[in-house]
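Peer 1: Below is a structure I'd like to ask you about.
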Amino acid sequence: MALIRFLLMAMVIIGCIQAVFAAQRHPDPDGCFSCHSLEGLDYIDKEGVLRSASINKQHYYSALHGSVPCKDCHRKIRDYPHKVENGEVDCGESCHVEEPSEGEPYTHKAVVKEYKNSVHGHGWSKGLTGGNRLKEEKKATDPSCRFCHSNDLYISEAELPKFKESFDHLDSECGSCHQGEVWLGQFGGHILRRFIGSRWNKNDHNQMCNNCHADPIRMAKVELEDKETGDKEKVGPRFILASDSYATTLHGRLLETNVMQGASCIDCHAPKGLRHGVLRDEEKEASTHAKNLAETCAQSDCHGYATHPLNHRFVKTDVHDIDMIPISNQIAPRDQSRLESGWIKALIALLPIIIILGGGSLLWWLFGGKKKSVTFAVFGGDAFQEKMIGRKPKRKIKKKVRQETKPTPDKKEGENNEK
Amino acid sequence: MKNRYRNYSVLASIFLLFYISPTMAGSLYQQHVERATISEKAINKSLKQVKNYREINIIDELSMPPFHKRTTIQTTTKKPFCTTCHLPLPHQKNERNRTFMNMHSHYIACETCHFRPEKIELDYRWMAYDGIAAGNILPPRPVLEITIEITDPIEREHTAQFKKRIPLAPQPGARISPFYENSSVPLFKENIFSKEIEKKWKDANDNKRAEIKAKLHAPLKEKGPACKECHHKDKKILDLEALGATPIQIKAIQNNIIVRFFDRFKKEDDRIRIDKLLR
């Protein structure tokens with residue numbers, strides 16, 4: 001009897017210990033990696049697209065979704081061979097990973113909501129499968145979730161040495177309170193990763209935007225839609241060349257030289273919320289709407305003075321000034337807005353004078369019989385020579401010489417008589 | 001004097017017969033193709049396939065990146081003759097096993113599965129598909145540790161992987177290939193025979209092409225052996241030990257869990273719940 005009691009107690013104690021150390025990360029409870037971790041599970045589909053069922057397991061576990069079991073995204077897969085539609089992913093769904101602060105299932109729902117309300121809202125956020133990438137590429141005009149976001153490494157290769165350095169003091173400092181493999185595995189890396197800075201810097205953000213916006217052919221196909229009326233309009237060179245014009249600004253040039261004080265695309269176009277809510281300038285809620293520009297420029301102590309009434313013209317600065325793009329650009333000359341530029345107006349006003357002076361100079365050069373050694377001292381040349389140099393102006397000397405050498409009628413007669 | 005020359009010529013003929021002719025004759029597969037007699041039925045079947053053929057242009061890269069990081073497999077400089085017409089990943093239709101078959105094509109030559117002549121014993125060895133050794137037998141990888149332990153705790157956390165597996169292939173791109181009398185059976189695209197066929201194909205009309213196709217496929221079997229022909233301790237097409245597998249690797253190959261998955265399918269269109277597969 002005593003032995004049974006002892007065994008029961010032992011089982012209870014072991015159970016309690018297991019409960020304390022439970023919840024070890026296990027991202028593959030369904031055994032998907034039994035097959036999907038194999039290398040070379042590929043085929044070429046009817047469209048000629050290389051399809052791969054192989055997932056780099058090492059990369060997956062170290063990636064952003066490394067703690068997320070496959071079925072949290074590919075919810076309906078229950079049998080094999082998998083039906084394509086059962087593998088569809090909806091990025092707005094919740095997954096079973098608990099959000100640590102609230103203890104609720106984690107979800108991208110709020111991000112998707114913001115994105116759906118943005119200018120890119122027609123992009124795909126659900127129904128995503130490996131098989132419809134080509135279809136999306138051909139048909140979709142707006143970027144989908146997966147167009148911008150891949151299952152990247154949680155700590156990029158470039159940041160790993162820095163992370164290792166931060167992680168190195170764990171046992172001596174954090175380890176005194178936070179002990180155990182579970183903490184280390186689940187939260188240690190998660191928290192310490194933040195010591196090495198945000199995962200994306202401003203140049204990364206810009207690069208993401210430039211993947212589309214720096215491609216003028218792709219941008220020329222864009223149609224802007226009025227949310228209220230549903231009317232669509234073609235974009236002009238100002239939109240098509242937005243990336244080029246930005247690159248000429250101080251913001252663009254600062255970031256180009258890795259000076260992070262410059263503003264990135266989303267710093268101005270989606271500064272608030274979850275940074276997916278890019279709206280058209282015309283929309284009242286847009287950070288780039290005329291009424292909100294001062295606040296946008298003043299954010300994060302960038303241009304705090306922009307909100308002062310005396311500085312109201314500061315926000316008139318055109319950060320996508322098409323005039324900054326060289327006229328040699330193939331798309332830029334077609335832009336009508338170029339004619340409204342101050343430079344063009346000044347050019348038109350001065351054009352008659354330029355034509356007269358230029359034409360006159362040309363005619364003079366072609367047909368004007370320019371004589372050597374003749375000084376055209378129109379504006380004080382003579383006075384300069386007389387007063388400053390102290391000699392008679394060359395023009396007067398030459399005139400005098402000419403008069404002296406010119407034969408007088410008397411002289412001519414005398415010469416004839418002698419003959 | 002005449003007898004002396006006659007003797008020389010007889011000796012030369014014997015030499016040619018025993019030493020040069022097997023080399024000149026090409027691979028065993030080539031010999032089978034050249035000797036093949038094709039039926040009207042086979043030609044008609046080929047003609048139908050030739051006429052219904054729709055070329056697939058492989059799209060190298062989409063602007064839409066794949067969400068998950070893929071594994072990359074090193075390509076070889078020498079390509080199998082079969083890929084003159086077939087896609088580099090030739091298995092395309094069978095939804096259930098196409099990816100698994102294509103996976104095998106990275107380390108097993110086409111001829112290993114599809115060229116299995118009766119009454120001829122073939123020797124299966126590793127064959128190089130790269131460099132100057134291409135087409136030659138490669139010695140198996142020396143038996144070392146099959147895994148390398150990752151000891152760095154940071155790297156362990158980062159990679160979430162504690163052991164690196166050592167592949168069975170002695171060098172990247174090497175494939176298990178059939179050899180007959182120490183001469184390789186598989187052909188490369190660069191072989192003279194392959195180039196001749198390619199030229200003939202280009203110049204031929206549909207009827208002629210059907211004939212060529214039927215002849216090339218005459219010595220081949222459309223379906224390869226069942227999984228269990230290799231992945232079972234009693235069925236031994238391949239001598240895994242001679243190919244350099246360690247006892248642990250042999251056990252892993254012969255008791256493969258995925259083979260057991262596939263064994264549960266009875267009909268072509270069967271779909272089986274994964275939880276049942278994983279039992």
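Just so we're on the same page: first chain in the structure tokens is A, next is B, and so on; residues restart at 1 for each chain, and ligands are numbered from 1 in the order they show up.
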For chain B, report every residue with an atom at most 6 Å from chain A (counting only C-alpha atoms), formatted as a ChimeraX atom specification.

Peer 2: /B:56-59,64,67-71,89,96,99-100,103,158-160,271-274

Peer 1: Would you output that residue set with N, CA and C atoms, as a PDB file, in the first residue's frame?

Peer 2:
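part.pdb, freshly written:
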ATOM      1  N   ILE B  56       6.244  22.955 -72.966  1.00  0.00           N
ATOM      2  CA  ILE B  56       6.152  23.759 -71.738  1.00  0.00           C
ATOM      3  C   ILE B  56       7.429  24.579 -71.594  1.00  0.00           C
ATOM      4  N   ASN B  57       7.252  25.876 -71.598  1.00  0.00           N
ATOM      5  CA  ASN B  57       8.412  26.746 -71.385  1.00  0.00           C
ATOM      6  C   ASN B  57       8.548  27.008 -69.886  1.00  0.00           C
ATOM      7  N   ILE B  58       9.681  26.632 -69.386  1.00  0.00           N
ATOM      8  CA  ILE B  58       9.883  26.779 -67.938  1.00  0.00           C
ATOM      9  C   ILE B  58      10.073  28.253 -67.588  1.00  0.00           C
ATOM     10  N   ILE B  59       9.270  28.709 -66.643  1.00  0.00           N
ATOM     11  CA  ILE B  59       9.411  30.087 -66.170  1.00  0.00           C
ATOM     12  C   ILE B  59      10.443  30.072 -65.051  1.00  0.00           C
ATOM     13  N   MET B  64       6.742  37.270 -58.073  1.00  0.00           N
ATOM     14  CA  MET B  64       6.125  36.909 -56.799  1.00  0.00           C
ATOM     15  C   MET B  64       7.000  35.857 -56.134  1.00  0.00           C
ATOM     16  N   PHE B  67       6.832  32.008 -50.666  1.00  0.00           N
ATOM     17  CA  PHE B  67       6.770  32.462 -49.270  1.00  0.00           C
ATOM     18  C   PHE B  67       7.790  31.738 -48.401  1.00  0.00           C
ATOM     19  N   HIS B  68       7.883  30.428 -48.610  1.00  0.00           N
ATOM     20  CA  HIS B  68       8.819  29.645 -47.804  1.00  0.00           C
ATOM     21  C   HIS B  68      10.160  29.529 -48.505  1.00  0.00           C
ATOM     22  N   LYS B  69      11.191  29.506 -47.707  1.00  0.00           N
ATOM     23  CA  LYS B  69      12.537  29.339 -48.261  1.00  0.00           C
ATOM     24  C   LYS B  69      12.658  27.919 -48.803  1.00  0.00           C
ATOM     25  N   ARG B  70      13.110  27.839 -50.025  1.00  0.00           N
ATOM     26  CA  ARG B  70      13.229  26.523 -50.645  1.00  0.00           C
ATOM     27  C   ARG B  70      14.631  25.970 -50.488  1.00  0.00           C
ATOM     28  N   THR B  71      14.710  24.688 -50.645  1.00  0.00           N
ATOM     29  CA  THR B  71      16.035  24.090 -50.656  1.00  0.00           C
ATOM     30  C   THR B  71      16.556  24.183 -52.088  1.00  0.00           C
ATOM     31  N   LEU B  89      12.669  17.989 -64.560  1.00  0.00           N
ATOM     32  CA  LEU B  89      11.918  17.260 -63.518  1.00  0.00           C
ATOM     33  C   LEU B  89      10.807  16.539 -64.269  1.00  0.00           C
ATOM     34  N   ARG B  96       0.047  12.204 -56.779  1.00  0.00           N
ATOM     35  CA  ARG B  96       0.464  11.591 -55.526  1.00  0.00           C
ATOM     36  C   ARG B  96       1.984  11.463 -55.422  1.00  0.00           C
ATOM     37  N   THR B  99       6.289  14.527 -57.006  1.00  0.00           N
ATOM     38  CA  THR B  99       7.385  15.232 -56.323  1.00  0.00           C
ATOM     39  C   THR B  99       8.399  14.239 -55.756  1.00  0.00           C
ATOM     40  N   PHE B 100       7.895  13.113 -55.275  1.00  0.00           N
ATOM     41  CA  PHE B 100       8.807  12.110 -54.708  1.00  0.00           C
ATOM     42  C   PHE B 100       9.666  11.481 -55.804  1.00  0.00           C
ATOM     43  N   MET B 103      12.243  13.948 -56.794  1.00  0.00           N
ATOM     44  CA  MET B 103      13.285  13.995 -55.761  1.00  0.00           C
ATOM     45  C   MET B 103      14.307  12.881 -56.030  1.00  0.00           C
ATOM     46  N   HIS B 158      19.468  29.320 -33.186  1.00  0.00           N
ATOM     47  CA  HIS B 158      19.173  29.993 -34.445  1.00  0.00           C
ATOM     48  C   HIS B 158      18.691  29.013 -35.505  1.00  0.00           C
ATOM     49  N   THR B 159      19.339  27.871 -35.555  1.00  0.00           N
ATOM     50  CA  THR B 159      18.997  26.938 -36.611  1.00  0.00           C
ATOM     51  C   THR B 159      17.930  25.940 -36.173  1.00  0.00           C
ATOM     52  N   ALA B 160      17.737  25.837 -34.875  1.00  0.00           N
ATOM     53  CA  ALA B 160      16.801  24.860 -34.312  1.00  0.00           C
ATOM     54  C   ALA B 160      17.077  23.470 -34.873  1.00  0.00           C
ATOM     55  N   ARG B 271      -7.538   9.316 -51.628  1.00  0.00           N
ATOM     56  CA  ARG B 271      -7.014  10.377 -50.773  1.00  0.00           C
ATOM     57  C   ARG B 271      -7.144   9.870 -49.341  1.00  0.00           C
ATOM     58  N   ILE B 272      -6.080   9.923 -48.617  1.00  0.00           N
ATOM     59  CA  ILE B 272      -6.110   9.344 -47.267  1.00  0.00           C
ATOM     60  C   ILE B 272      -5.821  10.426 -46.239  1.00  0.00           C
ATOM     61  N   ARG B 273      -6.579  10.387 -45.154  1.00  0.00           N
ATOM     62  CA  ARG B 273      -6.386  11.372 -44.090  1.00  0.00           C
ATOM     63  C   ARG B 273      -4.976  11.247 -43.525  1.00  0.00           C
ATOM     64  N   ILE B 274      -4.377  12.407 -43.303  1.00  0.00           N
ATOM     65  CA  ILE B 274      -2.975  12.402 -42.876  1.00  0.00           C
ATOM     66  C   ILE B 274      -2.804  11.726 -41.522  1.00  0.00           C
TER      67      ILE B 274
END

Peer 1: DSSP says strand (DSSP E or B) for which residues of segment 88-214 of chain B? Put them as a VMD selection string?

Peer 2: chain B and resid 108 123 to 127 137 to 138 147 to 149 163 to 165 175 to 180 183 to 184 188

Peer 1: Please provide the set of residues having any atom within 12 Å of Ile120 of chain B, restricted to only C-alpha atoms, with same-chain residues fewer than 6 positions apart removed, written as a list in words.

Peer 2: Leu28, Tyr29, His32, Pro178, Phe179, Tyr180 and Glu181 of chain B

Peer 1: Selection from above, C-alpha atoms, as a compact mmCIF listing (two decimals), in the first residue's frame, can you write it?

Peer 2:
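Result saved to result.txt:
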# COMPACT_ATOMS: atom_id res chain seq x y z
CA LEU B 28 23.84 -1.06 -73.42
CA TYR B 29 20.80 1.17 -73.72
CA HIS B 32 19.04 -2.00 -77.25
CA PRO B 178 23.33 1.01 -63.98
CA PHE B 179 26.61 -0.30 -65.34
CA TYR B 180 27.06 -3.23 -67.63
CA GLU B 181 30.47 -4.82 -67.77

Peer 1: Once DSSP has gone over the backbone, tell me which residues of segment 57-265 of chain B are in helix (DSSP H, G or I), as a PyMOL selection string.

Peer 2: chain B and resi 81-84+98-105+110-114+153-159+192-203+206-217+227-229+247-254+257-263

Peer 1: Just want the 9 Å neighbourhood of Asp382 of chain A, counted on only C-alpha atoms, with same-chain residues fewer than 6 positions away dropped. Output as an MDAnalysis selection string.

Peer 2: chainID A and resid 392:396

Peer 1: Counting only C-alpha atoms, what is within 9 Å of Ser264 of chain A, bar same-chain residues fewer than 4 positions away, as a list in words?

Peer 2: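 After dropping sequence-adjacent residues, the list is Lys202, Asn203, His205, Asn206, His251, Gly252, Leu255, Met260, Cys268 and His269 of chain A.
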
Peer 1: Go through B:Tyr129, B:Tyr124, B:Phe188, B:Trp201 one by one, measure the shortest atom-to-atom distance of each to Ile176 of chain B using only C-alpha atoms, and give the residue with the smallest value.

Peer 2: B:Tyr124
